[in-house]
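> Sharing final_38.txt, compact mmCIF, C-alpha atoms:
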# COMPACT_ATOMS: atom_id res chain seq x y z
CA MET O 1 -6.50 -13.90 -17.59
CA ARG O 2 -3.92 -16.44 -18.79
CA LEU O 3 -1.35 -13.65 -19.20
CA VAL O 4 -2.19 -12.24 -15.76
CA ARG O 5 -1.68 -15.67 -14.17
CA ALA O 6 1.64 -16.17 -15.96
CA ILE O 7 3.02 -12.75 -15.01
CA PHE O 8 1.68 -13.04 -11.47
CA LYS O 9 3.48 -16.37 -10.99
CA MET O 10 6.73 -14.83 -12.24
CA THR O 11 6.23 -11.82 -9.98
CA LEU O 12 5.71 -14.04 -6.92
CA LYS O 13 9.03 -15.78 -7.58
CA LYS O 14 11.02 -12.54 -7.53
CA LYS O 15 13.23 -11.89 -4.53
CA GLU O 16 11.83 -8.34 -4.37
CA THR O 17 8.36 -9.81 -3.76
CA LYS O 18 9.67 -11.98 -0.94
CA VAL O 19 11.37 -8.99 0.69
CA PHE O 20 8.17 -6.97 0.46
CA LEU O 21 5.98 -9.73 1.90
CA THR O 22 8.42 -10.12 4.81
CA PHE O 23 7.26 -6.74 6.12
CA SER O 24 3.80 -8.25 6.70
CA VAL O 25 5.06 -9.94 9.88
CA PHE O 26 5.81 -6.52 11.39
CA PRO O 27 2.91 -6.73 13.93
CA MET O 28 4.39 -9.91 15.38
CA LEU O 29 7.40 -7.93 16.59
CA MET O 30 5.08 -6.92 19.44
CA ILE O 31 5.10 -10.51 20.68
CA ILE O 32 8.89 -10.48 20.96
CA ILE O 33 9.04 -6.97 22.41
CA ASN O 34 6.53 -7.85 25.14
CA LEU O 35 8.95 -10.50 26.40
CA PHE O 36 11.36 -7.75 27.44
CA ASN O 37 11.05 -4.81 29.77
CA THR O 38 11.35 -2.06 27.20
CA LYS O 39 9.36 0.98 26.13
CA PHE O 40 10.20 0.45 22.47
CA MET O 41 7.06 0.14 20.30
CA GLN O 42 4.78 0.15 23.33
CA LEU O 43 1.11 0.93 22.71
CA SER O 44 -0.89 3.33 24.83
CA ALA O 45 -4.64 3.86 24.95
CA PRO O 46 -7.39 4.42 27.54
CA LYS O 47 -8.28 1.38 29.63
CA ASN O 48 -10.22 -1.34 27.79
CA SER O 49 -10.49 0.80 24.64
CA LEU O 50 -8.26 -0.82 22.00
CA GLY O 51 -10.15 -3.34 19.89
CA PHE O 52 -8.53 -5.48 17.19
CA ILE O 53 -9.63 -3.20 14.35
CA ASP O 54 -8.02 -0.23 16.12
CA PHE O 55 -4.78 -2.21 16.49
CA PHE O 56 -4.83 -3.26 12.84
CA GLN O 57 -5.38 0.34 11.76
CA ALA O 58 -2.44 1.47 13.92
CA THR O 59 -0.28 -1.31 12.45
CA GLN O 60 -1.12 -0.30 8.90
CA SER O 61 -0.44 3.34 9.67
CA VAL O 62 3.01 2.53 11.05
CA GLN O 63 3.79 0.28 8.07
CA TYR O 64 2.96 3.17 5.78
CA GLN O 65 4.87 5.79 7.75
CA ILE O 66 8.11 3.83 8.01
CA VAL O 67 8.11 3.87 4.18
CA LEU O 68 10.25 0.71 3.86
CA PRO O 69 7.39 -1.58 2.72
CA ILE O 70 6.41 0.94 0.04
CA LEU O 71 10.02 1.25 -1.12
CA ALA O 72 10.16 -2.55 -1.37
CA ILE O 73 7.13 -2.78 -3.63
CA ILE O 74 8.29 0.20 -5.70
CA TYR O 75 11.55 -1.63 -6.29
CA LEU O 76 9.53 -4.69 -7.31
CA VAL O 77 7.67 -2.56 -9.86
CA THR O 78 10.82 -1.02 -11.31
CA SER O 79 12.62 -4.36 -11.56
CA SER O 80 9.60 -5.88 -13.31
CA ILE O 81 9.11 -3.07 -15.84
CA HIS O 82 12.11 -0.81 -16.38
CA ASP O 83 14.71 -3.54 -15.94
CA GLU O 84 12.86 -5.82 -18.36
CA ILE O 85 12.65 -3.02 -20.91
CA PHE O 86 16.33 -2.12 -20.43
CA ASN O 87 17.47 -5.76 -20.60
CA GLY O 88 15.27 -6.56 -23.58
CA THR O 89 13.30 -9.25 -21.75
CA LEU O 90 10.04 -7.78 -23.06
CA PHE O 91 11.09 -8.93 -26.51
CA LEU O 92 9.34 -12.20 -25.53
CA TYR O 93 6.03 -10.34 -25.41
CA LYS O 94 6.19 -8.82 -28.89
CA ASP O 95 3.20 -10.78 -30.15
CA ILE O 96 0.94 -9.58 -27.31
CA ALA O 97 -0.89 -6.23 -27.24
CA ARG O 98 1.03 -3.74 -25.10
CA ARG O 99 -2.07 -2.68 -23.20
CA LYS O 100 -2.54 -6.29 -22.08
CA ILE O 101 1.07 -6.51 -20.94
CA ILE O 102 1.01 -3.38 -18.79
CA ASN O 103 -2.44 -4.28 -17.47
CA SER O 104 -1.26 -7.74 -16.45
CA LYS O 105 1.81 -6.36 -14.72
CA LEU O 106 -0.19 -3.74 -12.83
CA ILE O 107 -2.76 -6.32 -11.74
CA SER O 108 0.08 -8.59 -10.57
CA PHE O 109 1.58 -5.82 -8.41
CA ILE O 110 -1.81 -5.05 -6.89
CA LEU O 111 -2.41 -8.75 -6.18
CA VAL O 112 0.97 -8.92 -4.42
CA TYR O 113 -0.05 -5.99 -2.24
CA ASP O 114 -3.42 -7.63 -1.53
CA ILE O 115 -1.56 -10.73 -0.31
CA PHE O 116 0.57 -8.45 1.85
CA PHE O 117 -2.59 -6.86 3.25
CA ILE O 118 -4.09 -10.26 4.12
CA LEU O 119 -0.84 -11.46 5.71
CA THR O 120 -0.59 -8.26 7.76
CA PHE O 121 -4.19 -8.73 8.90
CA THR O 122 -3.42 -12.32 9.93
CA ALA O 123 -0.21 -11.34 11.74
CA SER O 124 -2.09 -8.56 13.56
CA LEU O 125 -4.85 -10.98 14.55
CA ILE O 126 -2.32 -13.46 15.97
CA THR O 127 -0.47 -10.72 17.82
CA TYR O 128 -3.58 -9.14 19.29
CA TYR O 129 -5.16 -12.35 20.56
CA THR O 130 -1.97 -13.99 21.81
CA SER O 131 0.16 -11.14 23.16
CA LEU O 132 -2.02 -8.06 23.68
CA ILE O 133 -5.28 -9.58 24.87
CA GLY O 134 -4.36 -9.34 28.55
CA LYS O 135 -3.11 -5.76 28.46
CA GLU O 136 -4.94 -3.06 30.37
CA TYR O 137 -5.54 -0.92 27.29
CA THR O 138 -7.07 -3.68 25.11
CA SER O 139 -10.77 -4.54 25.11
CA GLY O 140 -10.43 -8.03 23.67
CA LYS O 141 -13.16 -7.20 21.17
CA PHE O 142 -12.81 -7.49 17.41
CA LEU O 143 -14.50 -4.15 16.71
CA SER O 144 -13.95 -0.78 18.35
CA GLY O 145 -15.80 0.15 21.50
CA SER O 146 -17.58 3.13 19.97
CA ILE O 147 -19.07 3.87 16.55
CA SER O 148 -16.88 6.95 16.10
CA ASP O 149 -13.70 4.98 16.83
CA LEU O 150 -14.83 2.19 14.50
CA ASN O 151 -15.55 4.63 11.67
CA TYR O 152 -12.15 6.28 12.08
CA SER O 153 -10.32 2.94 12.17
CA LEU O 154 -12.09 1.51 9.13
CA LEU O 155 -11.53 4.66 7.07
CA GLY O 156 -7.94 4.79 8.28
CA ILE O 157 -7.41 1.23 7.03
CA LEU O 158 -8.97 2.17 3.69
CA ALA O 159 -6.81 5.31 3.42
CA VAL O 160 -3.57 3.33 3.73
CA PHE O 161 -4.94 0.65 1.39
CA LEU O 162 -5.66 3.31 -1.23
CA MET O 163 -2.31 5.06 -0.78
CA PHE O 164 -0.44 1.80 -1.40
CA HIS O 165 -2.43 1.28 -4.59
CA LEU O 166 -1.75 4.87 -5.71
CA SER O 167 1.97 4.38 -5.09
CA ILE O 168 1.97 1.19 -7.17
CA CYS O 169 0.17 2.93 -10.04
CA LEU O 170 2.54 5.90 -9.91
CA ALA O 171 5.62 3.68 -9.84
CA THR O 172 4.25 1.70 -12.79
CA CYS O 173 3.68 4.90 -14.76
CA LEU O 174 7.17 6.25 -14.02
CA SER O 175 9.12 3.03 -14.52
CA VAL O 176 7.87 2.78 -18.11
CA ARG O 177 9.76 5.97 -18.99
CA PHE O 178 12.42 6.51 -16.32
CA ASN O 179 15.19 4.58 -14.58
CA ASN O 180 14.86 3.01 -11.14
CA GLY O 181 16.45 5.92 -9.29
CA ILE O 182 14.03 8.52 -10.66
CA THR O 183 11.02 6.25 -10.05
CA LEU O 184 12.08 5.63 -6.44
CA LEU O 185 12.79 9.32 -5.85
CA VAL O 186 9.55 10.70 -7.32
CA THR O 187 7.34 8.05 -5.70
CA THR O 188 9.04 8.57 -2.33
CA ILE O 189 8.45 12.34 -2.58
CA PHE O 190 4.80 11.60 -3.41
CA ILE O 191 4.53 9.40 -0.30
CA LEU O 192 6.30 11.87 1.99
CA PHE O 193 4.11 14.69 0.71
CA SER O 194 1.05 12.59 1.56
CA PHE O 195 2.27 12.62 5.19
CA ILE O 196 2.52 16.40 5.29
CA ALA O 197 -0.41 17.54 3.14
CA PRO O 198 -3.21 16.40 5.52
CA HIS O 199 -1.89 18.86 8.11
CA LEU O 200 -1.85 21.85 5.75
CA ASN O 201 -4.91 23.91 4.91
CA GLY O 202 -5.70 23.78 1.22
CA LEU O 203 -3.50 20.75 0.60
CA LYS O 204 -5.17 18.22 2.87
CA TYR O 205 -7.72 17.38 0.19
CA LEU O 206 -5.06 16.22 -2.29
CA PHE O 207 -4.77 12.74 -0.79
CA PRO O 208 -7.37 10.23 0.45
CA ASN O 209 -5.77 10.03 3.91
CA GLY O 210 -6.28 13.80 4.32
CA TYR O 211 -10.04 13.33 4.60
CA LEU O 212 -9.69 11.40 7.86
CA ASN O 213 -9.22 14.71 9.68
CA GLU O 214 -12.56 15.89 8.27
CA LEU O 215 -14.53 12.81 9.35
CA ASN O 216 -16.47 14.64 12.06
CA HIS O 217 -17.23 17.47 9.66
CA TYR O 218 -18.28 15.51 6.57
CA GLY O 219 -19.59 12.32 8.12
CA VAL O 220 -18.76 8.76 7.10
CA GLY O 221 -20.60 8.62 3.78
CA LEU O 222 -19.21 11.82 2.25
CA THR O 223 -15.71 11.18 3.61
CA LEU O 224 -15.70 7.72 2.04
CA LEU O 225 -16.99 9.08 -1.27
CA LEU O 226 -14.37 11.85 -1.42
CA MET O 227 -11.55 9.42 -0.60
CA ILE O 228 -12.63 7.15 -3.43
CA ILE O 229 -13.10 10.01 -5.93
CA VAL O 230 -9.62 11.42 -5.25
CA SER O 231 -8.09 7.95 -5.54
CA VAL O 232 -9.88 7.21 -8.82
CA ILE O 233 -8.64 10.50 -10.30
CA TYR O 234 -5.02 9.73 -9.37
CA MET O 235 -5.26 6.13 -10.59
CA SER O 236 -6.81 7.20 -13.89
CA VAL O 237 -4.01 9.69 -14.55
CA PHE O 238 -1.24 7.26 -13.55
CA ILE O 239 -2.68 4.32 -15.51
CA PHE O 240 -3.23 6.47 -18.61
CA GLY O 241 0.37 7.68 -18.28
CA ALA O 242 1.57 4.08 -18.07
CA TYR O 243 -0.45 3.11 -21.17
CA TYR O 244 0.79 6.11 -23.13
CA GLY O 245 4.41 5.63 -22.15
CA PHE O 246 4.40 1.90 -22.79
CA ARG O 247 3.04 2.40 -26.30
CA LYS O 248 6.19 4.36 -27.14
CA VAL O 249 8.64 1.85 -25.71
CA GLU O 250 11.00 0.42 -28.32
CA TYR O 251 12.06 -3.18 -27.82
Please lay out the structure from this file as structure tokens.

Amino acid sequence: MRLVRAIFKMTLKKKETKVFLTFSVFPMLMIIINLFNTKFMQLSAPKNSLGFIDFFQATQSVQYQIVLPILAIIYLVTSSIHDEIFNGTLFLYKDIARRKIINSKLISFILVYDIFFILTFTASLITYYTSLIGKEYTSGKFLSGSISDLNYSLLGILAVFLMFHLSICLATCLSVRFNNGITLLVTTIFILFSFIAPHLNGLKYLFPNGYLNELNHYGVGLTLLLMIIVSVIYMSVFIFGAYYGFRKVEY
């Protein structure tokens, strides 16, 4: 835990981390936009139907689809692993087991994302209850108006949460062996493919977000289980790849 704390503190000080965390204020753009008569980024929903959880799920979905936040954290991963290997900074860690090093770095990246998630939640909460609360389409309630909407929103939030974690694990695995350009390219293709696959028969089951479309068919319990199983499989492969690759790194 001492190594995790040390690496996490160093990770927080990086400019890449600060850039990534800046994207967490994205929901608060709605406050500024609502001051002007514009149709840009305007929400639409049936009257009194949009609860806070629905808004937060929509915010997360947009954050994921614009890709920029994911690119920011991928760049953080590559600068913290590949650049340190290339520059010889990891020479300082020679007396520590390599598995502990890569574990600590991966945990640090995930903790950074978890901070981002909490900040996004807070920014969404402020935006909803200060700027959107009086709109015709908002209900003013924390939870969704119906059970089906609530289930979809909660699983949608989880799907994006899992996809961010998968992207971090993949970038960690790749940056051990490849340069920043290849890591960014391959991880971006992985992300873009996760947008398309849920809409294609036979491929929609490859990513956790693809199971959202099958919620009515499978039900909440099975959908949740399948999302977690798929995510665990990906994470296991990516983390094993990171361990294996890092063992072969020469300082």
> Closest to Phe109 of chain O among O:Phe190, O:Phe86, O:Phe195, O:Phe8, using only C-alpha atoms?
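Selected residue with least distance to Phe109 of chain O: O:Phe8.
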> Counting only C-alpha atoms, which residues in segment 159-224 of chain O sit no more than 10 Å from segment 240-250 of chain O? For each one, give the nearest pair of atoms and the distance in Å, sorted by chain then residue number, as JSON lines.

{"residue": "O:Cys169", "atom": "CA", "partner": "O:Ala242", "partner_atom": "CA", "distance": 8.2}
{"residue": "O:Leu170", "atom": "CA", "partner": "O:Ala242", "partner_atom": "CA", "distance": 8.4}
{"residue": "O:Ala171", "atom": "CA", "partner": "O:Ala242", "partner_atom": "CA", "distance": 9.2}
{"residue": "O:Thr172", "atom": "CA", "partner": "O:Ala242", "partner_atom": "CA", "distance": 6.4}
{"residue": "O:Cys173", "atom": "CA", "partner": "O:Ala242", "partner_atom": "CA", "distance": 4.0}
{"residue": "O:Leu174", "atom": "CA", "partner": "O:Ala242", "partner_atom": "CA", "distance": 7.2}
{"residue": "O:Ser175", "atom": "CA", "partner": "O:Ala242", "partner_atom": "CA", "distance": 8.4}
{"residue": "O:Val176", "atom": "CA", "partner": "O:Phe246", "partner_atom": "CA", "distance": 5.9}
{"residue": "O:Arg177", "atom": "CA", "partner": "O:Gly245", "partner_atom": "CA", "distance": 6.2}
{"residue": "O:Phe178", "atom": "CA", "partner": "O:Gly245", "partner_atom": "CA", "distance": 9.9}
> May I ask for the distance between atom CA of Met235 of chain O and atom CA of Val4 of chain O, given in Å to one decimal place?
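Atom CA of Val4 of chain O lies 19.3 Å from atom CA of Met235 of chain O.
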> Quick one: distance from atom CA of Ser144 of chain O to atom CA of Gly51 of chain O in Å, one decimal?
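These two atoms are separated by 4.8 Å.
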> Using only C-alpha atoms, which of the listed residues (O:Thr17, O:Thr11, O:Asn48, O:Thr183) sits closest to Ser104 of chain O?
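Closest residue, counting only C-alpha atoms: O:Thr11.
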> When you count only C-alpha atoms, which of these residues is closest to Gly210 of chain O: O:Leu71, O:Thr138, O:Ala159, O:Ile189?
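Counting only C-alpha atoms, the residue closest to Gly210 of chain O is O:Ala159.
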> Step by step: start from the point (-7.8, 0.9, 25.5) in the file's coordinates, keep every protein, DNA or RNA residue that has an atom no farther than 7 Å from it, count all atoms listed in the file, and write the set as a PDB file with C-alpha atoms, in the coordinates of the input.

ATOM      1  CA  ALA O  45      -4.640   3.860  24.950  1.00  0.00           C
ATOM      2  CA  PRO O  46      -7.390   4.420  27.540  1.00  0.00           C
ATOM      3  CA  LYS O  47      -8.280   1.380  29.630  1.00  0.00           C
ATOM      4  CA  ASN O  48     -10.220  -1.340  27.790  1.00  0.00           C
ATOM      5  CA  SER O  49     -10.490   0.800  24.640  1.00  0.00           C
ATOM      6  CA  LEU O  50      -8.260  -0.820  22.000  1.00  0.00           C
ATOM      7  CA  GLU O 136      -4.940  -3.060  30.370  1.00  0.00           C
ATOM      8  CA  TYR O 137      -5.540  -0.920  27.290  1.00  0.00           C
ATOM      9  CA  THR O 138      -7.070  -3.680  25.110  1.00  0.00           C
ATOM     10  CA  SER O 139     -10.770  -4.540  25.110  1.00  0.00           C
TER      11      SER O 139
END
> Determine the nearest neighbour of Lys15 of chain O from the options O:Ser236, O:Ser167, O:Asn213, O:Ser79, counting only C-alpha atoms.
O:Ser79
